[in-house]
There are 2 protein chains.
Amino acid sequence: EKQRTALARTLISDNPMVLLDEPFSSLNLGLKRKLWHLLKKMQREQGWTLLLVTHDLEEALLLGDDLSLIANGELVDSGPKNQVYCYPKTVSAACILGTENFLPGEFVGRSDGLCNFHCPDFPANLSVSASYPTLAGDNLDKLRFKLGIKAADIKLCRVDSAGAAGCCNIEAVLEKGRTATLVLRSKTSGLTILAEVSLKELIGHAPGNEVGIIISPDAIMALVER
Amino acid sequence: EKQRTALARTLISDNPMVLLDEPFSSLNLGLKRKLWHLLKKMQREQGWTLLLVTHDLEEALLLGDDLSLIANGELVDSGPKNQVYCYPKTVSAACILGTENFLPGEFVGRSDGLCNFHCPDFPANLSVSASYPTLAGDNLDKLRFKLGIKAADIKLCRVDSAGAAGCCNIEAVLEKGRTATLVLRSKTSGLTILAEVSLKELIGHAPGNEVGIIISPDAIMALVER
């Protein structure tokens with residue numbers, strides 16, 4: 001209530017620069033979304049500059065033009081939001097952006113616009129688009145990479161499918177409304193992988209079953225450790 | 001830091017019932033997701049009972065089996081999470097669950113397993129699956145309904161498409177990483193509608209353009225006012 005009043009007081013002043021520190025943190029999602037759009041509309045119409053501090057990624061992406069990521073009090077990355085969101089360069093940045101899976105990878109060479117990585121924990125080599133920002137220089141074999149993969153970018157397929165990057169056991173299925181998170185365990189390395197699928201894609205998959213996974217090179221982030 | 005220590009202290013005790021009040025609220029998304037899965041795993045393996053209070057819908061849906069919704073200190077709904085999440089009965093419940101669009105609707109009759117509603121603010125009549133929990137009784141014309149529609153359930157189409165429920169002006173396009181929210185204004189009533197689309201679906205749509213919208217009967221919630 002107090003938070004909403006403070007917010008309303010800010011909104012009716014005609015101050016052109018507004019600092020908001022977690023303004024929506026204790027509101028329910030519906031109310032939050034309504035206020036986001038109100039704020040965004042006023043920002044658009046009044047030309048306000050907002051500096052907003054938040055732990056809510058959807059809020060940051062919706063309201064911001066530029067995004068700065070902070071971890072342990074340190075600035076991890078900063079820039080236009082699409083650049084920062086789509087191409088994190090470090091494990092910390094990818095973690096703040098909600099990436100669930102990280103695999104150590106050694107650069108083994110380039111081919112056809114891709115950089116290829118050997119992943120000791122993973123049955124197949126993985127390839128990343130060579131245009132990924134961290135893959136521009138030479139001496140990539142000297143760097144320690146982690147490959148970051150969002151759970152939503154791991155697709156399920158048949159175990160014997162030609163494109164399968166690996167075969168996993170389904171350890172658990174966690175339904176969460178319109179989607180489900182699958183906890184997968186790689187059969188070769190024991191590595192745990194999280195995959196997020198729609199309820200439609202979930203059909204026919206149950207704990208204890210085996211499943212193949214497919215990961216597109218465009219969905220893999222080549223992250224450097226810091 | 002303090003929050004994480006308290007959580008760790010709870011997790012290493014072997015108390016079979018744990019109350020957690022916003023345990024993850026000031027953590028970044030990556031860390032949050034990691035801890036959700038750790039907690040879920042311990043819950044699965046140890047058979048813990050958790051009572052968790054949160055403003056984070058994804059957290060509630062992932063960790064909970066049952067979901068209770070509270071608005072203004074009042075219990076709004078309670079039950080198995082899929083039932084509560086997929087079939088909210090009131091505007092408050094749908095709002096807590098993040099529903100963005102609400103249209104007043106008058107029940108006008110049944111046909112082919114659907115209940116039909118006249119929406120004064122909307123160019124077309126809208127239909128809802130007759131199996132929706134609030135549509136079971138008689139005398140539906142005596143009730144005041146609001147039709148709830150999630151932004152993600154509004155699909156774009158050509159203005160002259162046969163299935164179009166209405167024609168809107170695109171007032172703003174708000175990109176937010178992998179999806180974008182479109183602020184649409186109905187050409188007939190001036191009503192604002194929010195639609196969430198993937199970046200692929202966004203191609204060819206820009207502020208100032210006209211667009212048709214399609215809403216499936218399965219995606220409309222018949223909500224009663226309280």
# chains A, B, ... in the order shown; residues from 1 in each chain; ligands from 1
call {"tool": "interface_residues", "arguments": {"of": "chain A", "to": "chain B", "cutoff": "8 Å", "atoms": "only C-alpha atoms", "output": "compact mmCIF listing (two decimals) with N, CA, C and O atoms, in the first residue's frame"}}
result
# COMPACT_ATOMS: atom_id res chain seq x y z
N SER A 25 8.02 -4.94 -6.23
CA SER A 25 8.45 -6.25 -5.74
C SER A 25 7.41 -6.99 -4.91
O SER A 25 7.38 -8.20 -4.90
N SER A 26 6.54 -6.27 -4.21
CA SER A 26 5.58 -7.05 -3.40
C SER A 26 4.15 -6.93 -3.91
O SER A 26 3.19 -6.91 -3.15
N LEU A 27 4.02 -6.85 -5.24
CA LEU A 27 2.68 -6.82 -5.84
C LEU A 27 2.45 -8.14 -6.57
O LEU A 27 3.38 -8.79 -7.00
N ASN A 28 1.17 -8.49 -6.75
CA ASN A 28 0.91 -9.70 -7.51
C ASN A 28 1.11 -9.43 -9.01
O ASN A 28 1.14 -8.28 -9.46
N LEU A 29 1.27 -10.53 -9.77
CA LEU A 29 1.69 -10.41 -11.16
C LEU A 29 0.75 -9.55 -12.00
O LEU A 29 1.19 -8.75 -12.83
N GLY A 30 -0.56 -9.70 -11.79
CA GLY A 30 -1.53 -8.95 -12.60
C GLY A 30 -1.40 -7.46 -12.38
O GLY A 30 -1.38 -6.67 -13.33
N LEU A 31 -1.31 -7.07 -11.12
CA LEU A 31 -1.19 -5.66 -10.75
C LEU A 31 0.13 -5.10 -11.28
O LEU A 31 0.20 -3.99 -11.81
N ARG A 33 1.86 -6.12 -13.85
CA ARG A 33 1.83 -5.93 -15.30
C ARG A 33 1.03 -4.69 -15.68
O ARG A 33 1.38 -3.97 -16.61
N LYS A 34 -0.07 -4.43 -14.94
CA LYS A 34 -0.88 -3.25 -15.21
C LYS A 34 -0.03 -2.00 -14.98
O LYS A 34 -0.01 -1.08 -15.79
N HIS A 55 14.92 -7.17 -9.43
CA HIS A 55 15.35 -8.55 -9.56
C HIS A 55 14.48 -9.29 -10.57
O HIS A 55 14.67 -10.49 -10.79
N ASP A 56 13.51 -8.58 -11.19
CA ASP A 56 12.54 -9.24 -12.06
C ASP A 56 12.96 -9.03 -13.52
O ASP A 56 12.92 -7.91 -14.03
N LEU A 57 13.35 -10.12 -14.17
CA LEU A 57 13.90 -10.01 -15.52
C LEU A 57 12.85 -9.51 -16.52
O LEU A 57 13.15 -8.67 -17.37
N GLU A 58 11.62 -10.00 -16.43
CA GLU A 58 10.57 -9.55 -17.34
C GLU A 58 10.36 -8.04 -17.21
O GLU A 58 10.22 -7.33 -18.21
N LEU A 61 13.31 -6.20 -18.82
CA LEU A 61 13.30 -6.25 -20.28
C LEU A 61 12.15 -5.42 -20.86
O LEU A 61 12.28 -4.82 -21.91
N LEU A 62 11.02 -5.40 -20.17
CA LEU A 62 9.88 -4.64 -20.69
C LEU A 62 10.10 -3.14 -20.54
O LEU A 62 9.85 -2.37 -21.46
N LYS A 81 19.42 -3.45 -24.41
CA LYS A 81 18.91 -4.66 -23.75
C LYS A 81 18.99 -5.91 -24.61
O LYS A 81 19.30 -6.98 -24.11
N ASN A 82 18.74 -5.79 -25.93
CA ASN A 82 18.76 -7.01 -26.75
C ASN A 82 20.15 -7.59 -26.84
O ASN A 82 20.32 -8.82 -26.79
N TYR A 85 20.90 -9.13 -23.44
CA TYR A 85 20.07 -10.31 -23.16
C TYR A 85 20.44 -11.49 -24.07
O TYR A 85 20.49 -12.63 -23.62
N CYS A 86 20.66 -11.21 -25.34
CA CYS A 86 20.86 -12.31 -26.29
C CYS A 86 22.30 -12.83 -26.31
O CYS A 86 22.52 -13.98 -26.67
N ALA A 94 25.04 -14.63 -17.76
CA ALA A 94 24.06 -15.63 -18.20
C ALA A 94 23.23 -16.12 -17.02
O ALA A 94 22.03 -16.39 -17.15
N CYS A 95 23.86 -16.21 -15.85
CA CYS A 95 23.15 -16.68 -14.65
C CYS A 95 22.08 -15.66 -14.24
O CYS A 95 20.93 -16.03 -13.99
N ILE A 96 22.44 -14.37 -14.23
CA ILE A 96 21.46 -13.33 -13.90
C ILE A 96 20.29 -13.38 -14.89
O ILE A 96 19.14 -13.14 -14.54
N LEU A 97 20.59 -13.71 -16.14
CA LEU A 97 19.55 -13.75 -17.18
C LEU A 97 18.77 -15.07 -17.16
O LEU A 97 17.98 -15.35 -18.06
N GLY A 98 19.01 -15.89 -16.14
CA GLY A 98 18.16 -17.07 -15.93
C GLY A 98 18.59 -18.33 -16.64
O GLY A 98 17.82 -19.29 -16.70
N THR A 99 19.80 -18.37 -17.18
CA THR A 99 20.28 -19.58 -17.86
C THR A 99 20.42 -20.72 -16.85
O THR A 99 20.95 -20.53 -15.77
N GLU A 100 19.91 -21.89 -17.21
CA GLU A 100 19.86 -23.01 -16.26
C GLU A 100 21.01 -23.99 -16.42
O GLU A 100 21.39 -24.66 -15.46
N LEU A 174 8.39 -31.68 -13.71
CA LEU A 174 7.81 -30.68 -12.82
C LEU A 174 6.87 -29.79 -13.62
O LEU A 174 7.32 -28.89 -14.33
N GLU A 175 5.58 -30.06 -13.54
CA GLU A 175 4.63 -29.23 -14.29
C GLU A 175 4.49 -27.88 -13.60
O GLU A 175 4.47 -27.80 -12.39
N LYS A 176 4.41 -26.83 -14.42
CA LYS A 176 4.22 -25.50 -13.82
C LYS A 176 3.29 -24.68 -14.71
O LYS A 176 3.69 -23.70 -15.32
N GLY A 177 2.02 -25.11 -14.76
CA GLY A 177 1.02 -24.37 -15.51
C GLY A 177 1.04 -24.74 -16.98
O GLY A 177 0.65 -25.84 -17.35
call {"tool": "residues_around", "arguments": {"residues": "segment 2-7 of chain A", "least_positions_apart": "3", "cutoff": "12 Å", "atoms": "only C-alpha atoms", "output": "number ranges by chain"}}
result
A: 10-13, 18-27, 31-32, 35-36, 38-39
call {"tool": "select_by_dssp", "arguments": {"residues": "segment 21-190 of chain A", "states": "helix (DSSP H, G or I)", "output": "PyMOL selection string"}}
result
chain A and resi 29-46+57-63+81-86+91-96+133-135+140-142+151-153
call {"tool": "atom_distance", "arguments": {"atom1": "atom CA of Ala124 of chain B", "atom2": "atom CA of Val211 of chain B"}}
result
14.9 Å
call {"tool": "residues_around", "arguments": {"residues": "segment 66-68 of chain B", "least_positions_apart": "3", "cutoff": "6 Å", "atoms": "only C-alpha atoms", "output": "ChimeraX atom specification"}}
result
/B:77-81
call {"tool": "write_last_selection", "arguments": {"atoms": "N, CA and C atoms", "output": "PDB file, in the first residue's frame"}}
result
ATOM      1  N   ASP B  77      -8.818 -18.398  -3.823  1.00  0.00           N
ATOM      2  CA  ASP B  77      -9.036 -19.740  -4.368  1.00  0.00           C
ATOM      3  C   ASP B  77      -7.982 -20.661  -3.785  1.00  0.00           C
ATOM      4  N   SER B  78      -8.250 -21.964  -3.815  1.00  0.00           N
ATOM      5  CA  SER B  78      -7.334 -22.938  -3.245  1.00  0.00           C
ATOM      6  C   SER B  78      -7.626 -24.296  -3.858  1.00  0.00           C
ATOM      7  N   GLY B  79      -6.592 -25.068  -4.152  1.00  0.00           N
ATOM      8  CA  GLY B  79      -6.807 -26.403  -4.705  1.00  0.00           C
ATOM      9  C   GLY B  79      -5.569 -26.895  -5.424  1.00  0.00           C
ATOM     10  N   PRO B  80      -5.702 -28.053  -6.145  1.00  0.00           N
ATOM     11  CA  PRO B  80      -4.566 -28.553  -6.929  1.00  0.00           C
ATOM     12  C   PRO B  80      -4.124 -27.475  -7.918  1.00  0.00           C
ATOM     13  N   LYS B  81      -2.802 -27.323  -8.096  1.00  0.00           N
ATOM     14  CA  LYS B  81      -2.316 -26.139  -8.820  1.00  0.00           C
ATOM     15  C   LYS B  81      -2.838 -26.037 -10.245  1.00  0.00           C
TER      16      LYS B  81
END
call {"tool": "residues_around", "arguments": {"residues": "Met17 of chain B", "least_positions_apart": "3", "cutoff": "8 Å", "atoms": "only C-alpha atoms", "output": "short mmCIF file (atom, residue, chain, number, x, y, z; two decimals) with N, CA, C and O atoms, in the first residue's frame"}}
result
data_model
loop_
_atom_site.label_atom_id
_atom_site.label_comp_id
_atom_site.auth_asym_id
_atom_site.auth_seq_id
_atom_site.Cartn_x
_atom_site.Cartn_y
_atom_site.Cartn_z
N TRP B 48 9.41 -34.02 2.26
CA TRP B 48 9.07 -32.86 3.07
C TRP B 48 7.71 -32.28 2.71
O TRP B 48 7.27 -32.36 1.57
N THR B 49 7.09 -31.64 3.68
CA THR B 49 5.94 -30.79 3.40
C THR B 49 6.41 -29.34 3.49
O THR B 49 6.99 -28.94 4.50
N LEU B 50 6.20 -28.59 2.43
CA LEU B 50 6.61 -27.19 2.42
C LEU B 50 5.36 -26.31 2.38
O LEU B 50 4.41 -26.61 1.66
N LEU B 51 5.39 -25.23 3.16
CA LEU B 51 4.38 -24.19 3.02
C LEU B 51 5.16 -22.94 2.61
O LEU B 51 5.97 -22.43 3.39
#
call {"tool": "residues_around", "arguments": {"residues": "Gly109 of chain A", "least_positions_apart": "2", "cutoff": "10 Å", "atoms": "only C-alpha atoms", "output": "compact mmCIF listing (two decimals) with C-alpha atoms, in the first residue's frame"}}
result
# COMPACT_ATOMS: atom_id res chain seq x y z
CA GLU A 106 37.13 -26.86 -24.86
CA PHE A 107 37.43 -25.09 -28.21
CA SER A 111 33.98 -25.20 -39.51
CA LEU A 114 30.54 -22.61 -36.35
CA CYS A 115 33.00 -23.01 -33.50
CA ASN A 116 33.17 -26.57 -32.21
CA PHE A 117 33.62 -27.47 -28.58
CA HIS A 118 34.48 -30.72 -26.86
CA SER A 127 28.82 -26.14 -31.91
CA LEU A 140 40.33 -19.57 -28.38
CA ASP A 141 41.95 -22.83 -27.25
call {"tool": "select_by_dssp", "arguments": {"residues": "segment 20-183 of chain B", "states": "strand (DSSP E)", "output": "count of residues only"}}
result
65
call {"tool": "residues_around", "arguments": {"residues": "Phe122 of chain B", "least_positions_apart": "6", "cutoff": "10 Å", "atoms": "only C-alpha atoms", "output": "ChimeraX atom specification"}}
result
/B:103-105,165-167,186-191
call {"tool": "residues_around", "arguments": {"residues": "Tyr132 of chain A", "least_positions_apart": "5", "cutoff": "12 Å", "atoms": "only C-alpha atoms", "output": "ChimeraX atom specification"}}
result
/A:83,86-89,113-115,127,137,147,217-224
